[in-house]
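A.B. asks: Below is the file final.pdb, which contains PDB, C-alpha atoms and all ligand atoms.
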```pdb
ATOM      1  CA  MET A   1      77.558   9.250  -0.151
ATOM      2  CA  LYS A   2      77.093   5.520   0.507
ATOM      3  CA  LYS A   3      73.558   6.157   1.683
ATOM      4  CA  LEU A   4      72.827   8.202  -1.428
ATOM      5  CA  LEU A   5      74.178   5.469  -3.697
ATOM      6  CA  PHE A   6      72.162   2.812  -1.880
ATOM      7  CA  PHE A   7      69.037   4.941  -2.193
ATOM      8  CA  LEU A   8      69.559   5.581  -5.901
ATOM      9  CA  SER A   9      70.371   1.913  -6.550
ATOM     10  CA  THR A  10      67.204   0.848  -4.797
ATOM     11  CA  ILE A  11      65.147   3.309  -6.826
ATOM     12  CA  PHE A  12      66.633   2.029 -10.097
ATOM     13  CA  ILE A  13      66.100  -1.615  -9.169
ATOM     14  CA  LEU A  14      62.525  -0.953  -8.123
ATOM     15  CA  ALA A  15      61.802   1.173 -11.181
ATOM     16  CA  GLY A  16      63.642  -0.719 -13.867
ATOM     17  CA  GLY A  17      64.880  -3.970 -12.421
ATOM     18  CA  GLN A  18      62.790  -6.312 -14.522
ATOM     19  CA  SER A  19      64.124  -9.831 -14.724
ATOM     20  CA  ALA A  20      65.166 -11.365 -18.027
ATOM     21  CA  GLY A  21      61.868 -13.207 -17.930
ATOM     22  CA  ALA A  22      59.272 -11.777 -15.554
ATOM     23  CA  LEU A  23      56.678 -14.472 -15.229
ATOM     24  CA  THR A  24      54.057 -15.706 -12.789
ATOM     25  CA  ILE A  25      52.081 -18.856 -13.434
ATOM     26  CA  ASP A  26      49.190 -19.803 -11.192
ATOM     27  CA  LEU A  27      48.809 -23.540 -11.726
ATOM     28  CA  TRP A  28      45.007 -23.402 -11.507
ATOM     29  CA  SER A  29      44.339 -20.234 -13.529
ATOM     30  CA  GLN A  30      46.791 -21.198 -16.238
ATOM     31  CA  PHE A  31      46.233 -24.931 -16.192
ATOM     32  CA  PRO A  32      46.637 -26.080 -19.817
ATOM     33  CA  ASN A  33      43.813 -27.074 -22.115
ATOM     34  CA  TYR A  34      46.304 -28.693 -24.463
ATOM     35  CA  GLN A  35      49.822 -30.033 -23.970
ATOM     36  CA  GLY A  36      52.301 -27.173 -23.641
ATOM     37  CA  GLU A  37      49.837 -24.332 -23.103
ATOM     38  CA  ASN A  38      51.478 -21.807 -20.728
ATOM     39  CA  GLY A  39      54.543 -24.057 -20.667
ATOM     40  CA  LEU A  40      52.629 -26.767 -18.761
ATOM     41  CA  TYR A  41      52.339 -30.452 -19.642
ATOM     42  CA  ALA A  42      50.393 -33.444 -18.274
ATOM     43  CA  TYR A  43      52.617 -36.510 -18.020
ATOM     44  CA  GLY A  44      52.603 -40.036 -16.710
ATOM     45  CA  TYR A  45      55.943 -41.011 -15.218
ATOM     46  CA  SER A  46      57.236 -44.555 -14.933
ATOM     47  CA  PRO A  47      59.678 -44.886 -11.999
ATOM     48  CA  GLU A  48      60.700 -48.280 -13.347
ATOM     49  CA  THR A  49      61.959 -46.944 -16.680
ATOM     50  CA  ASN A  50      62.465 -43.283 -15.659
ATOM     51  CA  THR A  51      60.404 -42.109 -18.629
ATOM     52  CA  TYR A  52      57.657 -39.535 -19.109
ATOM     53  CA  ARG A  53      54.621 -40.005 -21.330
ATOM     54  CA  SER A  54      52.128 -37.391 -22.538
ATOM     55  CA  ILE A  55      48.640 -38.068 -21.178
ATOM     56  CA  ALA A  56      45.814 -37.683 -23.682
ATOM     57  CA  LYS A  57      43.529 -34.663 -23.567
ATOM     58  CA  LYS A  58      39.916 -35.756 -23.176
ATOM     59  CA  PRO A  59      38.270 -34.626 -26.437
ATOM     60  CA  ASP A  60      34.909 -33.596 -24.991
ATOM     61  CA  ALA A  61      36.128 -31.933 -21.792
ATOM     62  CA  ASN A  62      38.258 -28.902 -21.039
ATOM     63  CA  HIS A  63      41.343 -29.034 -18.830
ATOM     64  CA  THR A  64      41.157 -32.815 -18.550
ATOM     65  CA  PHE A  65      43.960 -35.267 -19.312
ATOM     66  CA  LEU A  66      43.593 -38.990 -18.773
ATOM     67  CA  THR A  67      44.465 -42.485 -19.990
ATOM     68  CA  PRO A  68      41.355 -43.971 -21.627
ATOM     69  CA  GLU A  69      43.122 -47.181 -22.631
ATOM     70  CA  GLN A  70      43.495 -48.229 -18.981
ATOM     71  CA  PRO A  71      40.859 -49.125 -16.318
ATOM     72  CA  PHE A  72      39.701 -46.039 -14.355
ATOM     73  CA  GLU A  73      41.531 -43.938 -16.986
ATOM     74  CA  ASN A  74      44.480 -43.330 -14.663
ATOM     75  CA  PRO A  75      46.907 -41.579 -14.546
ATOM     76  CA  MET A  76      44.565 -38.608 -14.677
ATOM     77  CA  ILE A  77      45.007 -34.867 -14.134
ATOM     78  CA  VAL A  78      42.050 -32.457 -14.115
ATOM     79  CA  LYS A  79      41.462 -28.822 -13.209
ATOM     80  CA  VAL A  80      38.705 -28.914 -10.543
ATOM     81  CA  ASN A  81      37.384 -26.340  -8.050
ATOM     82  CA  GLN A  82      39.728 -23.379  -7.489
ATOM     83  CA  PRO A  83      42.543 -23.576  -6.538
ATOM     84  CA  TRP A  84      42.904 -27.335  -6.935
ATOM     85  CA  ILE A  85      44.159 -29.653  -9.637
ATOM     86  CA  TYR A  86      43.132 -33.287  -9.180
ATOM     87  CA  MET A  87      45.975 -35.762  -9.758
ATOM     88  CA  HIS A  88      45.386 -39.511  -9.620
ATOM     89  CA  PRO A  89      48.370 -41.832 -10.149
ATOM     90  CA  SER A  90      48.211 -45.349 -11.551
ATOM     91  CA  SER A  91      49.328 -48.570  -9.935
ATOM     92  CA  MET A  92      49.244 -52.135 -11.178
ATOM     93  CA  PRO A  93      47.100 -54.162 -11.290
ATOM     94  CA  GLN A  94      44.004 -52.098 -10.508
ATOM     95  CA  CYS A  95      44.737 -49.516 -13.187
ATOM     96  CA  GLY A  96      46.043 -51.815 -15.879
ATOM     97  CA  THR A  97      49.319 -53.020 -17.217
ATOM     98  CA  GLU A  98      49.477 -50.998 -20.432
ATOM     99  CA  TYR A  99      52.038 -48.618 -18.943
ATOM    100  CA  GLY A 100      52.743 -50.304 -15.610
ATOM    101  CA  THR A 101      52.850 -48.246 -12.435
ATOM    102  CA  GLU A 102      52.946 -44.518 -13.222
ATOM    103  CA  ASP A 103      53.065 -41.326 -11.200
ATOM    104  CA  VAL A 104      51.030 -38.404 -12.455
ATOM    105  CA  ASN A 105      52.942 -35.191 -13.150
ATOM    106  CA  LEU A 106      52.230 -31.583 -14.015
ATOM    107  CA  ALA A 107      55.411 -30.381 -15.721
ATOM    108  CA  PHE A 108      56.650 -26.851 -16.404
ATOM    109  CA  LEU A 109      59.217 -26.132 -19.119
ATOM    110  CA  SER A 110      61.316 -23.071 -18.295
ATOM    111  CA  PRO A 111      61.352 -20.480 -21.098
ATOM    112  CA  TYR A 112      64.354 -18.623 -19.589
ATOM    113  CA  ASN A 113      67.549 -18.990 -17.609
ATOM    114  CA  ASN A 114      66.222 -17.586 -14.376
ATOM    115  CA  LEU A 115      65.627 -17.941 -10.653
ATOM    116  CA  TYR A 116      62.173 -19.086  -9.621
ATOM    117  CA  ASN A 117      60.108 -19.238  -6.431
ATOM    118  CA  LEU A 118      57.599 -22.062  -5.991
ATOM    119  CA  THR A 119      54.795 -21.883  -3.435
ATOM    120  CA  GLY A 120      51.691 -23.986  -2.915
ATOM    121  CA  SER A 121      50.274 -27.190  -1.431
ATOM    122  CA  PHE A 122      49.504 -30.834  -1.993
ATOM    123  CA  TRP A 123      46.320 -32.333  -0.506
ATOM    124  CA  LEU A 124      44.973 -35.876  -0.295
ATOM    125  CA  LYS A 125      41.202 -35.538  -0.414
ATOM    126  CA  ILE A 126      39.254 -38.021   1.740
ATOM    127  CA  ASP A 127      37.234 -40.633  -0.148
ATOM    128  CA  ASN A 128      33.956 -40.564   1.799
ATOM    129  CA  LEU A 129      33.128 -44.172   0.891
ATOM    130  CA  TYR A 130      36.514 -45.395   2.086
ATOM    131  CA  PRO A 131      37.796 -42.671   4.426
ATOM    132  CA  ASP A 132      40.771 -44.697   5.601
ATOM    133  CA  SER A 133      41.856 -45.566   2.065
ATOM    134  CA  GLY A 134      44.370 -43.572   0.048
ATOM    135  CA  TYR A 135      48.055 -42.868   0.588
ATOM    136  CA  ILE A 136      50.350 -40.921  -1.735
ATOM    137  CA  GLN A 137      53.786 -39.429  -2.079
ATOM    138  CA  SER A 138      53.891 -35.870  -3.395
ATOM    139  CA  TYR A 139      57.085 -34.390  -4.793
ATOM    140  CA  ILE A 140      58.665 -31.619  -6.833
ATOM    141  CA  LYS A 141      61.662 -32.285  -9.058
ATOM    142  CA  LYS A 142      63.951 -30.146 -11.184
ATOM    143  CA  ASN A 143      64.779 -32.496 -14.052
ATOM    144  CA  ASP A 144      66.031 -35.583 -12.133
ATOM    145  CA  THR A 145      66.775 -33.722  -8.894
ATOM    146  CA  LEU A 146      64.320 -34.046  -6.025
ATOM    147  CA  LEU A 147      63.552 -30.635  -4.446
ATOM    148  CA  PHE A 148      60.632 -31.574  -2.191
ATOM    149  CA  SER A 149      58.855 -34.739  -1.072
ATOM    150  CA  SER A 150      56.138 -35.582   1.422
ATOM    151  CA  TYR A 151      53.825 -38.534   2.106
ATOM    152  CA  LEU A 152      50.143 -37.814   2.679
ATOM    153  CA  ASN A 153      47.382 -39.703   4.470
ATOM    154  CA  PRO A 154      43.703 -38.958   3.737
ATOM    155  CA  GLY A 155      42.907 -35.352   4.645
ATOM    156  CA  ASP A 156      46.539 -34.236   4.882
ATOM    157  CA  VAL A 157      47.657 -30.931   3.368
ATOM    158  CA  VAL A 158      51.376 -30.183   3.011
ATOM    159  CA  ASN A 159      52.745 -26.835   1.920
ATOM    160  CA  TYR A 160      55.846 -26.218  -0.152
ATOM    161  CA  ASN A 161      57.826 -23.005  -0.397
ATOM    162  CA  LEU A 162      60.964 -23.285  -2.506
ATOM    163  CA  THR A 163      62.901 -20.115  -3.200
ATOM    164  CA  ASN A 164      65.647 -19.154  -5.648
ATOM    165  CA  ILE A 165      65.472 -22.322  -7.742
ATOM    166  CA  PHE A 166      67.652 -21.758 -10.799
ATOM    167  CA  LEU A 167      66.314 -23.149 -14.054
ATOM    168  CA  ASN A 168      68.086 -23.047 -17.376
ATOM    169  CA  TYR A 169      66.141 -22.553 -20.577
ATOM    170  CA  ASN A 170      64.305 -25.843 -21.257
ATOM    171  CA  ASP A 171      64.816 -27.234 -17.757
ATOM    172  CA  TYR A 172      61.756 -29.033 -16.403
ATOM    173  CA  LEU A 173      59.975 -28.715 -13.094
ATOM    174  CA  TYR A 174      57.806 -31.701 -12.206
ATOM    175  CA  PHE A 175      54.971 -31.567  -9.666
ATOM    176  CA  GLY A 176      54.267 -35.246  -9.035
ATOM    177  CA  VAL A 177      51.987 -37.624  -7.180
ATOM    178  CA  SER A 178      52.992 -41.257  -6.703
ATOM    179  CA  SER A 179      50.665 -44.018  -5.514
ATOM    180  CA  ALA A 180      53.328 -45.195  -3.028
ATOM    181  CA  GLY A 181      51.784 -48.665  -3.261
ATOM    182  CA  PRO A 182      48.165 -49.395  -4.265
ATOM    183  CA  ASP A 183      46.277 -46.480  -5.814
ATOM    184  CA  TYR A 184      42.858 -47.027  -4.179
ATOM    185  CA  SER A 185      41.356 -43.612  -3.254
ATOM    186  CA  ASP A 186      44.590 -41.814  -4.180
ATOM    187  CA  TRP A 187      42.726 -38.544  -4.698
ATOM    188  CA  GLY A 188      45.801 -36.317  -4.809
ATOM    189  CA  HIS A 189      45.448 -32.572  -5.376
ATOM    190  CA  LEU A 190      47.895 -29.779  -6.177
ATOM    191  CA  GLN A 191      47.743 -26.007  -6.101
ATOM    192  CA  GLY A 192      50.446 -23.365  -6.378
ATOM    193  CA  ARG A 193      52.341 -20.710  -8.201
ATOM    194  CA  ILE A 194      55.587 -20.490 -10.158
ATOM    195  CA  SER A 195      57.135 -17.028 -10.296
ATOM    196  CA  THR A 196      60.430 -15.628 -11.469
ATOM    197  CA  VAL A 197      62.667 -13.870  -8.978
ATOM    198  CA  GLN A 198      63.137 -10.266 -10.015
ATOM    199  CA  THR A 199      66.740  -9.487 -10.895
ATOM    200  CA  PRO A 200      68.175  -6.372 -12.584
ATOM    201  CA  GLU A 201      68.732  -6.593 -16.313
ATOM    202  CA  PRO A 202      72.310  -6.156 -17.541
ATOM    203  CA  GLY A 203      71.333  -2.701 -18.851
ATOM    204  CA  THR A 204      70.161  -1.654 -15.425
ATOM    205  CA  ILE A 205      73.360  -2.916 -13.832
ATOM    206  CA  MET A 206      75.437  -0.917 -16.336
ATOM    207  CA  LEU A 207      73.354   2.155 -15.559
ATOM    208  CA  LEU A 208      74.012   1.706 -11.846
ATOM    209  CA  VAL A 209      77.738   1.277 -12.458
ATOM    210  CA  SER A 210      77.786   4.439 -14.584
ATOM    211  CA  LEU A 211      75.783   6.303 -12.004
ATOM    212  CA  ALA A 212      78.060   5.163  -9.193
ATOM    213  CA  SER A 213      81.244   6.077 -11.052
ATOM    214  CA  GLY A 214      79.711   9.411 -12.019
ATOM    215  CA  LEU A 215      78.825  10.210  -8.453
ATOM    216  CA  PHE A 216      82.249   9.195  -7.207
ATOM    217  CA  GLY A 217      83.767  11.333  -9.915
ATOM    218  CA  PHE A 218      81.614  14.233  -8.884
ATOM    219  CA  ALA A 219      82.602  13.656  -5.254
ATOM    220  CA  GLY A 220      86.267  13.720  -6.221
ATOM    221  CA  LEU A 221      85.797  16.948  -8.183
ATOM    222  CA  ARG A 222      83.976  18.474  -5.222
ATOM    223  CA  LYS A 223      86.809  17.489  -2.889
ATOM    224  CA  ARG A 224      89.315  19.029  -5.252
ATOM    225  CA  LEU A 225      87.315  22.283  -5.456
ATOM    226  CA  ILE A 226      87.024  22.424  -1.668
ATOM    227  CA  LYS A 227      90.757  22.010  -1.338
TER     228      LYS A 227
HETATM  229 CA    CA A 301      48.386 -45.211  -2.626
END
```
Could you rewrite the structure in this file as structure tokens?
C.D. replies:
Amino acid sequence: MKKLLFFLSTIFILAGGQSAGALTIDLWSQFPNYQGENGLYAYGYSPETNTYRSIAKKPDANHTFLTPEQPFENPMIVKVNQPWIYMHPSSMPQCGTEYGTEDVNLAFLSPYNNLYNLTGSFWLKIDNLYPDSGYIQSYIKKNDTLLFSSYLNPGDVVNYNLTNIFLNYNDYLYFGVSSAGPDYSDWGHLQGRISTVQTPEPGTIMLLVSLASGLFGFAGLRKRLIK
């Protein structure tokens, strides 16, 4: 009987066990063309003041956010060749003092209370003119909580694989790149995917409970008939 119940439960979960919010976001394919598209935002982040700032969308270019009021227009975040998103932070004084030192962030605003899996990579592309230049810190945060962090030298790729991260409705995930000092040749890149963990809906759970109690009831009736 236990085997039968397990089998039936598995069938119901596989057939009908949609999560409250089934969602998969590929950061490259669904990279926003305006702030908030697909729940994604381009932000500058000031570690000094712990504040986030929307980066301007470049009017004459798609999937490009930058800071035109500062030298080199950093912080900058741009969808480039698949699967990569280019992320350049900003560090005083080479990138200006308008906003001070800022990390560059791609943020995701959770539309549900749900569990999420996060997989992907950060990469520090080599600047061919200055191959030894460039050094960054990559990180992933849930609101103010650090979930992942790694420093990268030129050419380094680091993978992340975070499972069962619970986000409430309107919680933020931040995929960030910090200059970790000067920002010369800080050609940071990000790729990855955000996906909800499939969990049975309450209706499915109730169905399983009913099914289980029904089967046990049937088993009891059968035992009584056999007696
Ligand atoms: Ca740096």
A.B. asks: Selected by the PyMOL selection byres (((chain A and resi 110-115) around 12) and not hetatm) in the shown coordinates: which residues, as a count of residues only?
C.D. replies: 42
A.B. asks: Can you tell me how far CA of Pro68 (chain A) sits from CA of Trp123 (chain A), in Å to one decimal?
C.D. replies: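 If I compute the distance from CA of Pro68 (chain A) to CA of Trp123 (chain A), I get 24.6 Å.
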A.B. asks: Kindly provide the residues of chain A that approach ligand CA 301 (chain A) to within 6 Å, each paired with its closest atom pair and their distance in Å to one decimal, based on only C-alpha atoms and all ligand atoms, listed by chain and increasing number, as a Markdown table.
C.D. replies:
```
| residue | atom | partner | partner_atom | distance |
| --- | --- | --- | --- | --- |
| A:Gly134 | CA | A:CA301 | CA | 5.1 |
| A:Tyr135 | CA | A:CA301 | CA | 4.0 |
| A:Ile136 | CA | A:CA301 | CA | 4.8 |
| A:Ser179 | CA | A:CA301 | CA | 3.9 |
| A:Ala180 | CA | A:CA301 | CA | 5.0 |
| A:Gly181 | CA | A:CA301 | CA | 4.9 |
| A:Pro182 | CA | A:CA301 | CA | 4.5 |
| A:Asp183 | CA | A:CA301 | CA | 4.0 |
| A:Asp186 | CA | A:CA301 | CA | 5.3 |
```
A.B. asks: Got time to write the residues from that selection, C-alpha atoms, as a tab-separated table (two decimals), in the coordinates of the input?
C.D. replies:
```tsv
chain	number	residue	atom	x	y	z
A	134	GLY	CA	44.37	-43.57	0.05
A	135	TYR	CA	48.06	-42.87	0.59
A	136	ILE	CA	50.35	-40.92	-1.74
A	179	SER	CA	50.66	-44.02	-5.51
A	180	ALA	CA	53.33	-45.20	-3.03
A	181	GLY	CA	51.78	-48.66	-3.26
A	182	PRO	CA	48.16	-49.40	-4.26
A	183	ASP	CA	46.28	-46.48	-5.81
A	186	ASP	CA	44.59	-41.81	-4.18
```
A.B. asks: State, in Å with one decimal place, the distance from CA of Leu106 (chain A) to CA of Val78 (chain A).
C.D. replies: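 Straight-line distance from CA of Leu106 (chain A) to CA of Val78 (chain A) works out to 10.2 Å.
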A.B. asks: Have a look at CA of Asp26 (chain A) and CA of Asn153 (chain A) and let me know their distance in Å, one decimal.
C.D. replies: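 Going from CA of Asp26 (chain A) over to CA of Asn153 (chain A) covers 25.4 Å.
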A.B. asks: Nearest to Gly155 (chain A): which of A:His63, A:Phe122, A:Leu129, A:Lys141 is it, counting all atoms listed in the file?
C.D. replies: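 Between A:His63, A:Phe122, A:Leu129, A:Lys141, the residue approaching Gly155 (chain A) most closely is A:Phe122.
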A.B. asks: Pick out the closest residue to Met87 (chain A) from this set: A:Thr145, A:Ser138, A:Gln70, A:Thr49. Count all atoms listed in the file.
C.D. replies: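 Looking at the shortest contact to Met87 (chain A), the residue is A:Ser138.
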A.B. asks: Nearest to Arg193 (chain A) among A:Asn50, A:Thr97, A:Thr64, A:Asn161, with distances taken over all atoms listed in the file: which residue is it?
C.D. replies: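 Under the stated criterion, the closest residue is A:Asn161.
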